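Raw query-v3.cif, mmCIF, C-alpha atoms:
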data_query
#
loop_
_atom_site.group_PDB
_atom_site.id
_atom_site.type_symbol
_atom_site.label_atom_id
_atom_site.label_comp_id
_atom_site.auth_asym_id
_atom_site.auth_seq_id
_atom_site.Cartn_x
_atom_site.Cartn_y
_atom_site.Cartn_z
ATOM 1 C CA MET V 1 110.063 73.860 71.149
ATOM 2 C CA SER V 2 107.278 71.703 69.679
ATOM 3 C CA ASP V 3 103.997 71.050 71.443
ATOM 4 C CA PRO V 4 104.576 68.641 74.351
ATOM 5 C CA SER V 5 102.926 65.231 74.286
ATOM 6 C CA ARG V 6 101.879 65.811 77.914
ATOM 7 C CA ILE V 7 102.419 68.103 80.881
ATOM 8 C CA TYR V 8 103.135 66.253 84.115
ATOM 9 C CA VAL V 9 102.230 68.258 87.213
ATOM 10 C CA ILE V 10 104.203 66.744 90.092
ATOM 11 C CA GLY V 11 102.316 67.336 93.335
ATOM 12 C CA SER V 12 98.543 67.371 93.574
ATOM 13 C CA GLY V 13 98.031 69.934 96.335
ATOM 14 C CA SER V 14 96.526 73.402 96.482
ATOM 15 C CA ILE V 15 98.716 74.725 93.653
ATOM 16 C CA GLY V 16 99.347 71.610 91.574
ATOM 17 C CA MET V 17 95.764 70.437 91.233
ATOM 18 C CA PRO V 18 94.389 73.857 90.227
ATOM 19 C CA LEU V 19 97.216 74.160 87.674
ATOM 20 C CA ALA V 20 96.318 70.730 86.265
ATOM 21 C CA ALA V 21 92.640 71.717 86.179
ATOM 22 C CA PHE V 22 93.384 74.975 84.346
ATOM 23 C CA LEU V 23 95.497 73.143 81.776
ATOM 24 C CA SER V 24 92.842 70.469 81.337
ATOM 25 C CA ALA V 25 90.141 73.092 80.798
ATOM 26 C CA LYS V 26 92.406 74.737 78.214
ATOM 27 C CA GLY V 27 92.547 71.436 76.330
ATOM 28 C CA ALA V 28 96.193 70.669 77.101
ATOM 29 C CA PRO V 29 97.202 67.025 77.699
ATOM 30 C CA VAL V 30 97.969 66.962 81.433
ATOM 31 C CA THR V 31 98.421 64.448 84.235
ATOM 32 C CA ALA V 32 98.493 65.294 87.948
ATOM 33 C CA VAL V 33 101.144 63.057 89.514
ATOM 34 C CA ARG V 34 100.757 62.160 93.171
ATOM 35 C CA THR V 35 104.035 61.895 95.098
ATOM 36 C CA SER V 36 102.672 61.027 98.549
ATOM 37 C CA VAL V 37 100.676 57.917 97.578
ATOM 38 C CA ASP V 38 102.208 54.854 95.910
ATOM 39 C CA GLY V 39 100.353 52.329 93.813
ATOM 40 C CA ALA V 40 97.403 54.469 92.688
ATOM 41 C CA ALA V 41 96.502 53.476 89.135
ATOM 42 C CA PRO V 42 95.531 56.085 86.538
ATOM 43 C CA ALA V 43 92.157 57.636 87.338
ATOM 44 C CA THR V 44 90.056 60.603 86.325
ATOM 45 C CA ILE V 45 88.674 62.900 89.004
ATOM 46 C CA GLU V 46 86.335 65.872 89.035
ATOM 47 C CA VAL V 47 88.093 69.012 90.261
ATOM 48 C CA LYS V 48 86.457 72.294 91.217
ATOM 49 C CA VAL V 49 88.427 75.506 91.664
ATOM 50 C CA ASP V 50 86.802 78.586 93.221
ATOM 51 C CA LEU V 51 88.106 81.770 91.625
ATOM 52 C CA PRO V 52 87.816 85.476 92.534
ATOM 53 C CA GLY V 53 84.570 87.270 91.828
ATOM 54 C CA GLY V 54 82.385 84.290 92.609
ATOM 55 C CA GLN V 55 83.572 82.410 89.523
ATOM 56 C CA SER V 56 84.525 78.728 89.526
ATOM 57 C CA LEU V 57 86.000 76.173 87.166
ATOM 58 C CA GLU V 58 85.021 72.498 87.077
ATOM 59 C CA THR V 59 86.816 69.952 84.926
ATOM 60 C CA GLU V 60 88.161 66.412 84.808
ATOM 61 C CA VAL V 61 91.822 65.788 85.608
ATOM 62 C CA GLY V 62 93.760 62.590 85.027
ATOM 63 C CA THR V 63 95.834 61.450 88.008
ATOM 64 C CA VAL V 64 98.335 58.711 88.772
ATOM 65 C CA SER V 65 100.939 57.876 91.411
ATOM 66 C CA LEU V 66 104.553 58.656 90.579
ATOM 67 C CA SER V 67 105.372 55.016 91.358
ATOM 68 C CA GLU V 68 103.183 53.916 88.419
ATOM 69 C CA ILE V 69 105.040 55.959 85.783
ATOM 70 C CA LYS V 70 107.891 54.425 83.816
ATOM 71 C CA ARG V 71 110.483 56.360 81.806
ATOM 72 C CA VAL V 72 109.023 59.251 79.779
ATOM 73 C CA ASP V 73 110.965 60.811 76.895
ATOM 74 C CA ASP V 74 108.683 63.653 75.803
ATOM 75 C CA GLY V 75 106.680 66.339 77.599
ATOM 76 C CA ILE V 76 107.089 68.956 80.317
ATOM 77 C CA VAL V 77 107.424 68.446 84.072
ATOM 78 C CA ALA V 78 105.948 71.128 86.347
ATOM 79 C CA LEU V 79 107.018 70.569 89.948
ATOM 80 C CA THR V 80 104.599 71.949 92.570
ATOM 81 C CA ALA V 81 105.240 69.489 95.425
ATOM 82 C CA LYS V 82 106.638 70.787 98.708
ATOM 83 C CA ALA V 83 110.334 71.682 98.530
ATOM 84 C CA THR V 84 110.980 69.832 101.801
ATOM 85 C CA ALA V 85 110.893 66.564 99.821
ATOM 86 C CA ASN V 86 113.048 67.710 96.890
ATOM 87 C CA LYS V 87 116.021 65.394 97.495
ATOM 88 C CA LEU V 88 113.757 62.352 97.591
ATOM 89 C CA ILE V 89 111.638 63.551 94.673
ATOM 90 C CA ALA V 90 114.743 64.301 92.570
ATOM 91 C CA GLU V 91 115.932 60.720 92.972
ATOM 92 C CA LYS V 92 112.524 59.386 91.940
ATOM 93 C CA LEU V 93 112.099 61.764 89.015
ATOM 94 C CA LYS V 94 115.523 61.238 87.469
ATOM 95 C CA THR V 95 114.730 57.653 86.450
ATOM 96 C CA ARG V 96 111.473 58.739 84.794
ATOM 97 C CA PHE V 97 111.753 62.322 83.531
ATOM 98 C CA ALA V 98 115.454 63.246 83.312
ATOM 99 C CA ALA V 99 115.190 63.948 79.574
ATOM 100 C CA LEU V 100 112.329 66.447 79.979
ATOM 101 C CA PRO V 101 112.428 70.170 80.767
ATOM 102 C CA LEU V 102 111.743 70.588 84.487
ATOM 103 C CA VAL V 103 109.947 73.726 85.695
ATOM 104 C CA VAL V 104 110.382 74.139 89.454
ATOM 105 C CA MET V 105 107.365 76.016 90.869
ATOM 106 C CA GLN V 106 108.282 76.290 94.539
ATOM 107 C CA ASN V 107 108.942 78.906 97.191
ATOM 108 C CA GLY V 108 112.391 79.643 98.485
ATOM 109 C CA LEU V 109 116.074 79.785 97.595
ATOM 110 C CA GLY V 110 118.112 76.876 96.245
ATOM 111 C CA VAL V 111 115.088 74.638 95.708
ATOM 112 C CA GLU V 112 116.313 73.597 92.248
ATOM 113 C CA GLN V 113 119.730 72.360 93.446
ATOM 114 C CA PRO V 114 118.722 68.737 94.261
ATOM 115 C CA PHE V 115 117.604 68.314 90.639
ATOM 116 C CA ALA V 116 120.880 69.641 89.262
ATOM 117 C CA ASP V 117 122.679 67.264 91.635
ATOM 118 C CA ALA V 118 120.504 64.393 90.363
ATOM 119 C CA GLY V 119 121.593 65.003 86.768
ATOM 120 C CA PHE V 120 118.785 67.091 85.283
ATOM 121 C CA THR V 121 120.271 69.353 82.612
ATOM 122 C CA ASP V 122 117.148 71.234 81.465
ATOM 123 C CA ILE V 123 115.962 73.105 84.585
ATOM 124 C CA TYR V 124 113.746 76.185 84.728
ATOM 125 C CA ARG V 125 112.530 78.161 87.708
ATOM 126 C CA CYS V 126 109.106 79.712 88.107
ATOM 127 C CA VAL V 127 108.368 82.226 90.858
ATOM 128 C CA LEU V 128 104.684 81.826 91.587
ATOM 129 C CA TYR V 129 102.522 84.854 92.325
ATOM 130 C CA ALA V 130 99.377 82.963 93.254
ATOM 131 C CA THR V 131 97.763 81.497 96.341
ATOM 132 C CA GLY V 132 95.837 78.271 96.688
ATOM 133 C CA GLN V 133 93.955 76.577 99.483
ATOM 134 C CA THR V 134 92.300 73.163 99.742
ATOM 135 C CA VAL V 135 88.740 73.612 101.026
ATOM 136 C CA ALA V 136 87.437 70.045 100.491
ATOM 137 C CA PRO V 137 88.567 66.894 98.657
ATOM 138 C CA TYR V 138 89.310 67.972 95.073
ATOM 139 C CA ARG V 139 87.958 71.458 95.718
ATOM 140 C CA TYR V 140 90.291 74.427 95.925
ATOM 141 C CA ARG V 141 90.278 78.185 96.373
ATOM 142 C CA PHE V 142 92.730 79.865 94.029
ATOM 143 C CA ARG V 143 93.755 83.446 93.338
ATOM 144 C CA GLU V 144 96.371 84.803 90.946
ATOM 145 C CA VAL V 145 98.145 87.925 92.199
ATOM 146 C CA ALA V 146 100.206 88.640 89.069
ATOM 147 C CA ALA V 147 101.774 86.818 86.126
ATOM 148 C CA SER V 148 104.467 84.442 87.413
ATOM 149 C CA PRO V 149 107.983 84.898 85.975
ATOM 150 C CA LEU V 150 109.747 81.852 84.495
ATOM 151 C CA GLY V 151 113.369 81.588 83.404
ATOM 152 C CA VAL V 152 116.243 79.205 82.834
ATOM 153 C CA VAL V 153 118.493 77.845 85.590
ATOM 154 C CA HIS V 154 120.376 75.200 83.568
ATOM 155 C CA GLY V 155 119.762 74.497 79.903
ATOM 156 C CA ASN V 156 118.592 76.360 76.822
ATOM 157 C CA PRO V 157 117.254 79.871 77.507
ATOM 158 C CA ALA V 158 115.483 79.844 74.136
ATOM 159 C CA LYS V 159 113.038 77.210 75.438
ATOM 160 C CA ALA V 160 111.702 79.403 78.250
ATOM 161 C CA PRO V 161 109.247 81.480 76.142
ATOM 162 C CA ALA V 162 107.751 78.276 74.704
ATOM 163 C CA LEU V 163 107.331 76.840 78.189
ATOM 164 C CA VAL V 164 105.516 80.037 79.178
ATOM 165 C CA ASP V 165 103.120 79.563 76.259
ATOM 166 C CA HIS V 166 102.471 75.887 77.047
ATOM 167 C CA LEU V 167 101.788 76.480 80.744
ATOM 168 C CA THR V 168 99.818 79.731 80.607
ATOM 169 C CA THR V 169 96.048 79.624 81.039
ATOM 170 C CA PRO V 170 93.489 82.411 81.536
ATOM 171 C CA GLU V 171 93.453 81.670 85.288
ATOM 172 C CA LEU V 172 97.225 81.318 85.816
ATOM 173 C CA ARG V 173 99.567 83.334 83.602
ATOM 174 C CA PHE V 174 103.330 83.026 83.224
ATOM 175 C CA CYS V 175 105.859 85.445 81.745
ATOM 176 C CA HIS V 176 109.429 85.010 80.528
ATOM 177 C CA GLU V 177 112.099 86.427 82.845
ATOM 178 C CA GLU V 178 115.794 86.522 81.920
ATOM 179 C CA ASN V 179 117.064 87.292 85.441
ATOM 180 C CA ILE V 180 115.131 84.628 87.320
ATOM 181 C CA ALA V 181 117.632 84.584 90.222
ATOM 182 C CA ALA V 182 116.665 88.151 91.165
ATOM 183 C CA GLN V 183 112.990 87.239 90.951
ATOM 184 C CA ALA V 184 113.558 84.201 93.178
ATOM 185 C CA TRP V 185 115.235 86.391 95.799
ATOM 186 C CA LYS V 186 112.478 88.990 95.567
ATOM 187 C CA LYS V 187 109.752 86.425 96.194
ATOM 188 C CA ALA V 188 111.776 84.622 98.901
ATOM 189 C CA ILE V 189 112.203 87.874 100.824
ATOM 190 C CA ILE V 190 108.504 88.677 100.592
ATOM 191 C CA ASN V 191 107.614 85.120 101.578
ATOM 192 C CA ALA V 192 109.985 85.304 104.545
ATOM 193 C CA ALA V 193 107.559 87.874 105.958
ATOM 194 C CA PHE V 194 104.289 86.195 104.924
ATOM 195 C CA ASN V 195 105.332 82.657 105.870
ATOM 196 C CA SER V 196 106.574 83.549 109.321
ATOM 197 C CA ILE V 197 104.452 86.464 110.556
ATOM 198 C CA CYS V 198 101.036 85.248 109.363
ATOM 199 C CA PRO V 199 101.378 81.742 110.885
ATOM 200 C CA LEU V 200 102.753 83.077 114.163
ATOM 201 C CA LEU V 201 99.791 85.432 114.463
ATOM 202 C CA GLY V 202 97.358 82.848 113.084
ATOM 203 C CA VAL V 203 95.958 85.306 110.532
ATOM 204 C CA ASP V 204 95.310 85.520 106.802
ATOM 205 C CA ASN V 205 97.466 87.223 104.184
ATOM 206 C CA GLY V 206 95.553 90.495 104.329
ATOM 207 C CA ILE V 207 97.006 91.420 107.729
ATOM 208 C CA PHE V 208 99.793 93.607 106.337
ATOM 209 C CA TYR V 209 97.621 96.124 104.543
ATOM 210 C CA ARG V 210 95.085 96.100 107.397
ATOM 211 C CA ASP V 211 97.529 96.598 110.299
ATOM 212 C CA ALA V 212 100.381 99.115 110.147
ATOM 213 C CA GLY V 213 102.121 97.593 113.174
ATOM 214 C CA VAL V 214 102.315 94.159 111.559
ATOM 215 C CA ALA V 215 103.423 95.770 108.291
ATOM 216 C CA ALA V 216 106.322 97.361 110.197
ATOM 217 C CA ILE V 217 107.564 93.912 111.242
ATOM 218 C CA ALA V 218 107.448 92.807 107.613
ATOM 219 C CA GLU V 219 109.394 95.915 106.619
ATOM 220 C CA ALA V 220 112.127 94.980 109.110
ATOM 221 C CA VAL V 221 112.387 91.485 107.587
ATOM 222 C CA ILE V 222 112.593 92.991 104.103
ATOM 223 C CA ALA V 223 115.347 95.396 105.177
ATOM 224 C CA GLU V 224 117.485 92.607 106.668
ATOM 225 C CA ALA V 225 117.021 90.210 103.761
ATOM 226 C CA SER V 226 117.533 92.922 101.132
ATOM 227 C CA ALA V 227 120.918 93.723 102.684
ATOM 228 C CA VAL V 228 121.961 90.087 102.161
ATOM 229 C CA ALA V 229 120.716 90.128 98.556
ATOM 230 C CA ALA V 230 122.557 93.389 97.859
ATOM 231 C CA ALA V 231 125.787 91.911 99.194
ATOM 232 C CA ILE V 232 125.622 89.151 96.571
ATOM 233 C CA GLY V 233 124.792 91.594 93.784
ATOM 234 C CA ILE V 234 120.969 91.533 93.732
ATOM 235 C CA ARG V 235 119.545 94.979 94.431
ATOM 236 C CA PHE V 236 115.993 96.246 94.548
ATOM 237 C CA ALA V 237 114.597 99.752 94.254
ATOM 238 C CA GLU V 238 113.600 101.514 97.452
ATOM 239 C CA ARG V 239 110.111 100.415 98.578
ATOM 240 C CA GLU V 240 109.905 97.900 95.680
ATOM 241 C CA LEU V 241 109.549 94.836 97.899
ATOM 242 C CA MET V 242 107.350 96.479 100.515
ATOM 243 C CA ASP V 243 104.997 97.802 97.859
ATOM 244 C CA GLN V 244 104.846 94.313 96.330
ATOM 245 C CA LEU V 245 104.127 92.765 99.738
ATOM 246 C CA LEU V 246 101.258 95.173 100.347
ATOM 247 C CA LEU V 247 99.847 94.506 96.880
ATOM 248 C CA ILE V 248 99.911 90.752 97.499
ATOM 249 C CA SER V 249 98.398 91.256 100.938
ATOM 250 C CA ARG V 250 95.482 93.220 99.515
ATOM 251 C CA ARG V 251 94.846 90.823 96.625
ATOM 252 C CA ALA V 252 95.199 87.731 98.829
ATOM 253 C CA ASP V 253 93.018 89.085 101.647
ATOM 254 C CA GLY V 254 91.271 86.176 103.361
ATOM 255 C CA GLN V 255 93.681 83.554 101.966
ATOM 256 C CA LEU V 256 95.840 81.504 104.333
ATOM 257 C CA ILE V 257 99.559 81.302 103.585
ATOM 258 C CA SER V 258 100.875 77.799 102.856
ATOM 259 C CA THR V 259 102.953 77.653 106.060
ATOM 260 C CA LEU V 260 99.878 78.295 108.201
ATOM 261 C CA GLN V 261 98.040 75.562 106.291
ATOM 262 C CA ASP V 262 100.991 73.212 106.881
ATOM 263 C CA LEU V 263 101.055 73.972 110.612
ATOM 264 C CA ASN V 264 97.301 73.457 110.877
ATOM 265 C CA ASN V 265 97.657 70.059 109.196
ATOM 266 C CA GLY V 266 100.772 68.883 111.056
ATOM 267 C CA ARG V 267 103.011 69.036 107.969
ATOM 268 C CA GLU V 268 106.615 70.140 107.668
ATOM 269 C CA THR V 269 106.949 73.727 106.443
ATOM 270 C CA GLU V 270 109.225 75.297 103.813
ATOM 271 C CA ILE V 271 110.621 77.912 106.213
ATOM 272 C CA GLY V 272 114.077 76.356 105.843
ATOM 273 C CA PHE V 273 114.189 77.635 102.243
ATOM 274 C CA LEU V 274 113.009 81.107 103.287
ATOM 275 C CA ASN V 275 113.988 82.743 106.600
ATOM 276 C CA MET V 276 116.574 80.147 107.512
ATOM 277 C CA GLU V 277 118.224 80.134 104.080
ATOM 278 C CA ILE V 278 118.384 83.940 104.041
ATOM 279 C CA ALA V 279 119.972 83.866 107.518
ATOM 280 C CA ARG V 280 122.418 81.152 106.422
ATOM 281 C CA ALA V 281 123.386 83.108 103.290
ATOM 282 C CA GLY V 282 123.989 86.235 105.369
ATOM 283 C CA GLY V 283 126.191 84.308 107.764
ATOM 284 C CA THR V 284 128.465 83.047 104.958
ATOM 285 C CA LEU V 285 129.330 86.527 103.704
ATOM 286 C CA ALA V 286 132.589 88.313 104.508
ATOM 287 C CA PRO V 287 131.900 90.173 106.677
ATOM 288 C CA PRO V 288 128.776 88.305 107.793
ATOM 289 C CA ILE V 289 125.408 90.047 107.734
ATOM 290 C CA ASP V 290 123.243 89.215 110.709
ATOM 291 C CA THR V 291 119.484 88.950 110.185
ATOM 292 C CA PRO V 292 118.163 88.584 113.750
ATOM 293 C CA ILE V 293 114.486 89.354 113.101
ATOM 294 C CA THR V 294 114.297 87.150 110.004
ATOM 295 C CA ARG V 295 116.164 84.336 111.754
ATOM 296 C CA VAL V 296 114.192 84.402 115.003
ATOM 297 C CA LEU V 297 110.866 84.437 113.174
ATOM 298 C CA GLY V 298 112.057 81.406 111.206
ATOM 299 C CA GLU V 299 113.211 79.630 114.345
ATOM 300 C CA LEU V 300 109.809 80.210 115.940
ATOM 301 C CA ILE V 301 108.122 78.617 112.908
ATOM 302 C CA LEU V 302 110.485 75.638 113.155
ATOM 303 C CA ALA V 303 109.621 75.253 116.840
ATOM 304 C CA LYS V 304 105.906 75.568 116.161
ATOM 305 C CA SER V 305 106.175 73.000 113.369
ATOM 306 C CA ARG V 306 107.938 70.495 115.624
ATOM 307 C CA THR V 307 105.235 70.948 118.250
ATOM 308 C CA ALA V 308 102.424 70.598 115.704
ATOM 309 C CA ARG V 309 103.887 67.394 114.270
ATOM 310 C CA SER V 310 104.673 65.821 117.652
ATOM 311 C CA HIS V 311 101.196 66.596 119.042
ATOM 312 C CA PRO V 312 98.797 66.155 116.111
#
Using structure tokens, write down the structure from this file.
Amino acid sequence: MSDPSRIYVIGSGSIGMPLAAFLSAKGAPVTAVRTSVDGAAPATIEVKVDLPGGQSLETEVGTVSLSEIKRVDDGIVALTAKATANKLIAEKLKTRFAALPLVVMQNGLGVEQPFADAGFTDIYRCVLYATGQTVAPYRYRFREVAASPLGVVHGNPAKAPALVDHLTTPELRFCHEENIAAQAWKKAIINAAFNSICPLLGVDNGIFYRDAGVAAIAEAVIAEASAVAAAIGIRFAERELMDQLLLISRRADGQLISTLQDLNNGRETEIGFLNMEIARAGGTLAPPIDTPITRVLGELILAKSRTARSHP
């Protein structure tokens, strides 16, 4: 795969804008594409990203509204917008970027399906191991937990290593993964704990390594969800997911999970692609596998989200 003419980062939030800033600082041609605002002409903004250890990165990033982009025939699309809008975004992207490799960088299970349904044939999935938080306009707090695996969903597997090279920066690393479906399930299970328990308690991501009682709830979610994954042929080593959860908790201490940020800002959450999708998948098996703790935690987030959005 030759060098792309440009990388288009779709979604300019707490993950997308830092990614665009890292790529810009690396010298890569990049544009942050805003999906929530129509009619914004191309502009250059100053972005600051606070990194671990008191470090920070400041750089210029070019931005534009999705509505202002016409058909593009060369480049890479990195999707970081919220998965809740994927059906709408897929319809908008297919008239502009359908010929480009699409890297879906979102939480949850099945998030890439709307793009396959829309006719994209070159789809890759990235499972992000990083946390981001908006602290002020165009200022973000960002922390990488580990290199993020990237692999093919539909298309040419040989392109995946090149995409890893194009997207990797010193602050946010990617790695090629052949079995990306297993990685997606692994992260979805871990996120089912983080994205339900932390928001319900109103606490940061470090709670699991600080509090054994809360960690026990997470372990129950992992046990339920792992049983569903095993039934469809995806198995994890004993303690693998719990050890990963505790590692993330320690490294992301003080960071707020995206669902808590969404609830605080009256936005729809992605819990439907996490707890609720795991519960749905378990219910379709023969015999069905019930996931009562995972499901109820998800239902509580849905209820809290409805309340937050109806009473801003």
**Report entry** Pairwise distance for CA of Ala252 in chain V and CA of Arg143 in chain V, rounded to one decimal in Å
**Finding:**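 For CA of Ala252 in chain V relative to CA of Arg143 in chain V, the distance reads 7.1 Å.
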Query raised in the report: Restricting the calculation to all atoms listed in the file, which member of V:Leu57, V:Ile7, V:Leu66, V:Ile234 is positioned closest to Phe22 in chain V?
Result: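 Checking each of V:Leu57, V:Ile7, V:Leu66, V:Ile234 against Phe22 in chain V, counting all atoms listed in the file, the winner is V:Leu57.
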Requested in this report: Determine the residue membership of the PyMOL selection byres ((chain V and resi 293) around 12) for the file above and supply it as an NGL selection string.
Outcome: :V and (192-193 or 196-197 or 216-225 or 275-276 or 278-279 or 290-292 or 294-300)
How would the residues just picked look written out with C-alpha atoms as an mmCIF file, in the frame of the given file?
data_model
loop_
_atom_site.group_PDB
_atom_site.id
_atom_site.type_symbol
_atom_site.label_atom_id
_atom_site.label_comp_id
_atom_site.auth_asym_id
_atom_site.auth_seq_id
_atom_site.Cartn_x
_atom_site.Cartn_y
_atom_site.Cartn_z
ATOM 1 C CA ALA V 192 109.985 85.304 104.545
ATOM 2 C CA ALA V 193 107.559 87.874 105.958
ATOM 3 C CA SER V 196 106.574 83.549 109.321
ATOM 4 C CA ILE V 197 104.452 86.464 110.556
ATOM 5 C CA ALA V 216 106.322 97.361 110.197
ATOM 6 C CA ILE V 217 107.564 93.912 111.242
ATOM 7 C CA ALA V 218 107.448 92.807 107.613
ATOM 8 C CA GLU V 219 109.394 95.915 106.619
ATOM 9 C CA ALA V 220 112.127 94.980 109.110
ATOM 10 C CA VAL V 221 112.387 91.485 107.587
ATOM 11 C CA ILE V 222 112.593 92.991 104.103
ATOM 12 C CA ALA V 223 115.347 95.396 105.177
ATOM 13 C CA GLU V 224 117.485 92.607 106.668
ATOM 14 C CA ALA V 225 117.021 90.210 103.761
ATOM 15 C CA ASN V 275 113.988 82.743 106.600
ATOM 16 C CA MET V 276 116.574 80.147 107.512
ATOM 17 C CA ILE V 278 118.384 83.940 104.041
ATOM 18 C CA ALA V 279 119.972 83.866 107.518
ATOM 19 C CA ASP V 290 123.243 89.215 110.709
ATOM 20 C CA THR V 291 119.484 88.950 110.185
ATOM 21 C CA PRO V 292 118.163 88.584 113.750
ATOM 22 C CA THR V 294 114.297 87.150 110.004
ATOM 23 C CA ARG V 295 116.164 84.336 111.754
ATOM 24 C CA VAL V 296 114.192 84.402 115.003
ATOM 25 C CA LEU V 297 110.866 84.437 113.174
ATOM 26 C CA GLY V 298 112.057 81.406 111.206
ATOM 27 C CA GLU V 299 113.211 79.630 114.345
ATOM 28 C CA LEU V 300 109.809 80.210 115.940
#
Query raised in the report: Can you tell me, as a list in words, what residues are no more than 9 Å from Glu270 in chain V when counting all atoms listed in the file, ignoring any on the same chain fewer than 5 positions away?
Result: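 Non-adjacent residues within range: Lys82, Ala83, Thr84, Asn107, Gly108, Asn195, Ser258 and Thr259 of chain V.
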Query raised in the report: Mind pulling up the distance from CA of Ala160 in chain V to CA of Ala116 in chain V?
Result: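 Those two atoms sit 17.3 Å apart.
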Report task. Could you state which residues are captured by the PyMOL selection byres ((chain V and resi 288) around 12) in this file, as a list in words? Result ->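 Against this file, the PyMOL selection byres ((chain V and resi 288) around 12) returns the residues Ala227, Val228, Ala231, Ile232, Ile278, Ala279, Arg280, Ala281, Gly282, Gly283, Thr284, Leu285, Ala286, Pro287, Ile289, Asp290 and Thr291 of chain V.
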